[in-house]
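Trainee: I'd like to ask some things about the structure below.
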Amino acid sequence: LAGGLIEGGDRFELADNLVREVIPVIFEEMDAQGPDRLASVTGLVTEEGKAYEYYLDGRAAIAEGNWRRALNQLGNALEEDSTFALAYFELSRIYFGPGLSIDEDRMIGRDYADRAWDYRARLGIKERMSLEAWRHTLSGEFSEAFSVYDEMLARWPDDLGIIDEYATTLEYYWYIGKATDVIARSLKYYRSNEELRNRWAGGLLWTSRLEEAMAAARDIVDEWPESASSWNTLGDVCLVSGMPDSAEAAYTKAFGMHGDEREYRLQMHQCAFSRGDLAGSIEIIEGLLDNPGWMTACLALARSAAARDARPDRWLDRLAGLDPSLLVGRDPSAGLVPADLGRLVAPQGRPALAALHQDPRFHRSDS
């Protein structure tokens with residue numbers, strides 16, 4: 001990482017030099033015998049330096065949400081080294097998780113996870129355990145996956161990457177209470193991490209611990225008064241606590257900081273809906289339909305329309321008629337657009353409950 005900041009520097013050579021300098025000092029301080037030979041950092045996962053460069057660039061693209069570049073660079077890494085387990089692992093995450101989501105692509109995700117496992121000898125213990133948990137998750141073996149994550153946290157309790165990965169998996173599959181507990185334990189090490197604090201308050205809210213959620217949200221606002229996220233969290237807690245006016249004030253404060261009109265108008269819709277002003281909530285959300293990319297607005301409007309015994313069919317029909325590429329605002333050529341819109345809208349104009357029954361996230365007893 002330090003090498004990446006040096007103009008023209010070779011980050012891999014620098015990392016190896018650091019290891020050669022630091023490891024002997026560590027063993028000297030421990031009054032212990034160090035290893036006779038030190039392996040190259042890149043050699044731990046791949047013998048091809050170019051493959052590792054492609055891999056790092058793919059990881060950077062993932063962090064930016066640029067899935068197409070991530071796929072290209074990870075594919076390039078595998079062209080350089082077909083046994084590069086980390087690259088297979090990241091590809092599996094992209095296909096099954098935040099990127100592609102139709103069934104055929106999820107099968108590709110499982111295949112990449114299996115390929116990574118075939119070359120697990122090229123992984124460090126932490127990455128190997130993470131891959132093991134991931135494969136259990138893909139197979140719906142949640143208790144086994146969570147056991148692996150629990151062991152990882154027992155070994156590395158302050159590893160932020162493991163904390164985030166475990167909590168995100170729990171949240172995705174609606175184990176909200178367990179996710180909240182994982183995040184709560186992490187605050188022993190990361191009390192000053194605003195994102196974790198917001199996730200913790202959100203978890204308290206989702207598990208109906210409203211008094212604790214309110215106290216947590218107010219503490220977050222006190223510590224980060226200039227953060228839109230902190231005010232949005234407070235707004236969420238106020239809204240669920242039956243305080244729509246206070247929620248509106250908090251959301252308005254956040255809007256003044258981030259200026260996201262779509263999010264703000266959805267929040268105002270929710271506040272009106274909470275007050276029982278169904279006509280007003282529909283009027284607020286109706287203006288969003290000028291932008292066909294805002295699918296959430298269509299669904300929210302259909303909810304309001306259904307709640308006042310109106311027929312939501314016209315809104316759902318409008319949703320079904322949209323170009324799928326507009327629903328997520330991505331270039332269809334990127335291959336990242338959910339094509340099966342029928343899973344969202346049934347022919348009768350009502351939510352396709354059958355799709356929910358097929359989704360393992362809704363099979364949990366604590367959902």
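Quick note on naming: the chains in the structure tokens go A, B, ... in the order shown, residues restart at 1 in each chain, and ligands are numbered from 1 in order of appearance.
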Which polymer residues have any atom within 10 Å of an atom of A:Thr83, counting only C-alpha atoms, with same-chain residues fewer than 3 positions away left out, as a compact mmCIF listing (two decimals) with N, CA, C and O atoms, in the first residue's frame?

Mentor:
```txt
# COMPACT_ATOMS: atom_id res chain seq x y z
N VAL A 45 0.13 -15.84 -2.70
CA VAL A 45 -1.15 -16.08 -3.38
C VAL A 45 -0.99 -16.30 -4.88
O VAL A 45 -1.85 -16.90 -5.51
N THR A 46 0.08 -15.83 -5.48
CA THR A 46 0.32 -16.02 -6.91
C THR A 46 1.80 -15.80 -7.19
O THR A 46 2.46 -14.99 -6.53
N GLU A 47 2.31 -16.53 -8.14
CA GLU A 47 3.70 -16.37 -8.55
C GLU A 47 3.84 -15.28 -9.61
O GLU A 47 4.94 -14.93 -10.00
N ALA A 77 -6.41 -11.18 -14.36
CA ALA A 77 -5.57 -11.82 -13.35
C ALA A 77 -5.55 -13.34 -13.54
O ALA A 77 -4.50 -13.98 -13.42
N LEU A 78 -6.71 -13.90 -13.87
CA LEU A 78 -6.78 -15.35 -14.05
C LEU A 78 -6.13 -15.79 -15.35
O LEU A 78 -5.66 -16.93 -15.45
N GLU A 79 -6.08 -14.91 -16.33
CA GLU A 79 -5.34 -15.24 -17.55
C GLU A 79 -3.85 -15.35 -17.26
O GLU A 79 -3.13 -16.16 -17.85
N GLU A 80 -3.38 -14.53 -16.32
CA GLU A 80 -1.97 -14.57 -15.94
C GLU A 80 -1.68 -15.77 -15.04
O GLU A 80 -0.59 -16.35 -15.09
N LEU A 86 -7.70 -16.15 -4.90
CA LEU A 86 -8.33 -14.89 -4.47
C LEU A 86 -9.14 -14.26 -5.59
O LEU A 86 -10.20 -13.68 -5.34
N ALA A 87 -8.65 -14.36 -6.82
CA ALA A 87 -9.38 -13.78 -7.95
C ALA A 87 -10.69 -14.53 -8.18
O ALA A 87 -11.73 -13.91 -8.43
N TYR A 88 -10.65 -15.86 -8.10
CA TYR A 88 -11.89 -16.64 -8.22
C TYR A 88 -12.87 -16.25 -7.11
O TYR A 88 -14.09 -16.12 -7.35
N ARG A 115 -14.06 -23.17 -7.68
CA ARG A 115 -12.72 -23.08 -8.26
C ARG A 115 -11.74 -22.50 -7.24
O ARG A 115 -10.59 -22.95 -7.13
N ALA A 116 -12.17 -21.49 -6.51
CA ALA A 116 -11.32 -20.91 -5.47
C ALA A 116 -10.97 -21.97 -4.43
O ALA A 116 -9.82 -22.05 -3.96
N ASP A 118 -10.77 -25.17 -4.88
CA ASP A 118 -9.82 -26.12 -5.47
C ASP A 118 -8.38 -25.67 -5.25
O ASP A 118 -7.48 -26.51 -5.12
N TYR A 119 -8.17 -24.36 -5.23
CA TYR A 119 -6.82 -23.81 -5.07
C TYR A 119 -6.63 -23.16 -3.71
O TYR A 119 -5.86 -22.22 -3.55
N ARG A 120 -7.34 -23.67 -2.69
CA ARG A 120 -7.30 -23.05 -1.38
C ARG A 120 -5.93 -23.10 -0.72
O ARG A 120 -5.64 -22.34 0.21
N ALA A 121 -5.05 -23.98 -1.21
CA ALA A 121 -3.69 -24.01 -0.67
C ALA A 121 -2.95 -22.71 -0.93
O ALA A 121 -1.95 -22.41 -0.27
N ARG A 122 -3.44 -21.93 -1.88
CA ARG A 122 -2.81 -20.64 -2.20
C ARG A 122 -3.34 -19.51 -1.32
O ARG A 122 -2.97 -18.35 -1.52
```

Trainee: Show me, as a PDB file with N, CA and C atoms, in the first residue's frame, the residues that have an atom within 9 Å of A:Arg218 when counting only C-alpha atoms, minus same-chain residues fewer than 4 positions from it.

Mentor:
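Dumped everything to out.pdb:
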```
ATOM      1  N   ALA A 213     -32.471   2.384  20.543  1.00  0.00           N
ATOM      2  CA  ALA A 213     -32.191   2.956  19.229  1.00  0.00           C
ATOM      3  C   ALA A 213     -32.223   4.478  19.283  1.00  0.00           C
ATOM      4  N   MET A 214     -33.198   5.033  20.005  1.00  0.00           N
ATOM      5  CA  MET A 214     -33.302   6.479  20.115  1.00  0.00           C
ATOM      6  C   MET A 214     -32.086   7.057  20.842  1.00  0.00           C
ATOM      7  N   ASP A 222     -25.014  13.799  18.267  1.00  0.00           N
ATOM      8  CA  ASP A 222     -24.178  14.653  19.115  1.00  0.00           C
ATOM      9  C   ASP A 222     -22.709  14.575  18.705  1.00  0.00           C
ATOM     10  N   GLU A 223     -22.255  13.370  18.304  1.00  0.00           N
ATOM     11  CA  GLU A 223     -20.849  13.202  17.943  1.00  0.00           C
ATOM     12  C   GLU A 223     -20.550  13.628  16.513  1.00  0.00           C
ATOM     13  N   SER A 230     -25.934  10.571  10.114  1.00  0.00           N
ATOM     14  CA  SER A 230     -26.379  10.566  11.504  1.00  0.00           C
ATOM     15  C   SER A 230     -27.794  11.115  11.629  1.00  0.00           C
ATOM     16  N   TRP A 231     -28.113  12.179  10.877  1.00  0.00           N
ATOM     17  CA  TRP A 231     -29.459  12.755  10.936  1.00  0.00           C
ATOM     18  C   TRP A 231     -30.481  11.829  10.287  1.00  0.00           C
ATOM     19  N   LEU A 234     -31.344   9.221  12.863  1.00  0.00           N
ATOM     20  CA  LEU A 234     -32.274   9.770  13.845  1.00  0.00           C
ATOM     21  C   LEU A 234     -33.674   9.884  13.254  1.00  0.00           C
TER      22      LEU A 234
END
```

Trainee: Write out as an MDAnalysis selection string all residues of stretch 39-94 of chain A that backbone DSSP assigns to alpha helix (DSSP H).

Mentor: chainID A and resid 49:64 67:80 85:94

Trainee: Mind pulling up the distance from atom CA of A:Glu165 to atom CA of A:Val240?

Mentor: 27.1 Å

Trainee: Identify, on the basis of only C-alpha atoms, every residue whose closest approach to stretch 124-130 of chain A does not exceed 12 Å; exclude the query and any residue fewer than 3 positions from it along the same chain; express the result as an NGL selection string.

Mentor: :A and (41-46 or 85-87 or 89-90 or 93 or 113 or 116-121 or 133-137 or 144-156 or 159 or 161-166 or 169)

Trainee: What's the separation between atom CA of A:Leu91 and atom CA of A:Tyr172, in Å to one decimal place?

Mentor: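 Result for atom CA of A:Leu91 versus atom CA of A:Tyr172: 18.7 Å, one decimal.
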
Trainee: What is the atom CA of A:Phe273-atom CA of A:Asp245 distance in Å, reported with one decimal?

Mentor: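 Atom CA of A:Asp245 lies at a distance of 11.7 Å from atom CA of A:Phe273.
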
Trainee: Go through A:Ser229, A:Asp16, A:Glu211, A:Met107 and flag the residue nearest A:Glu195, using only C-alpha atoms for the distances.

Mentor: A:Ser229

Trainee: From the options A:Ala70, A:Leu266, A:Val25, A:Met243, which residue's atoms come nearest to A:Asp57, counting only C-alpha atoms?

Mentor: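 For A:Asp57, the nearest of the given residues is A:Ala70.
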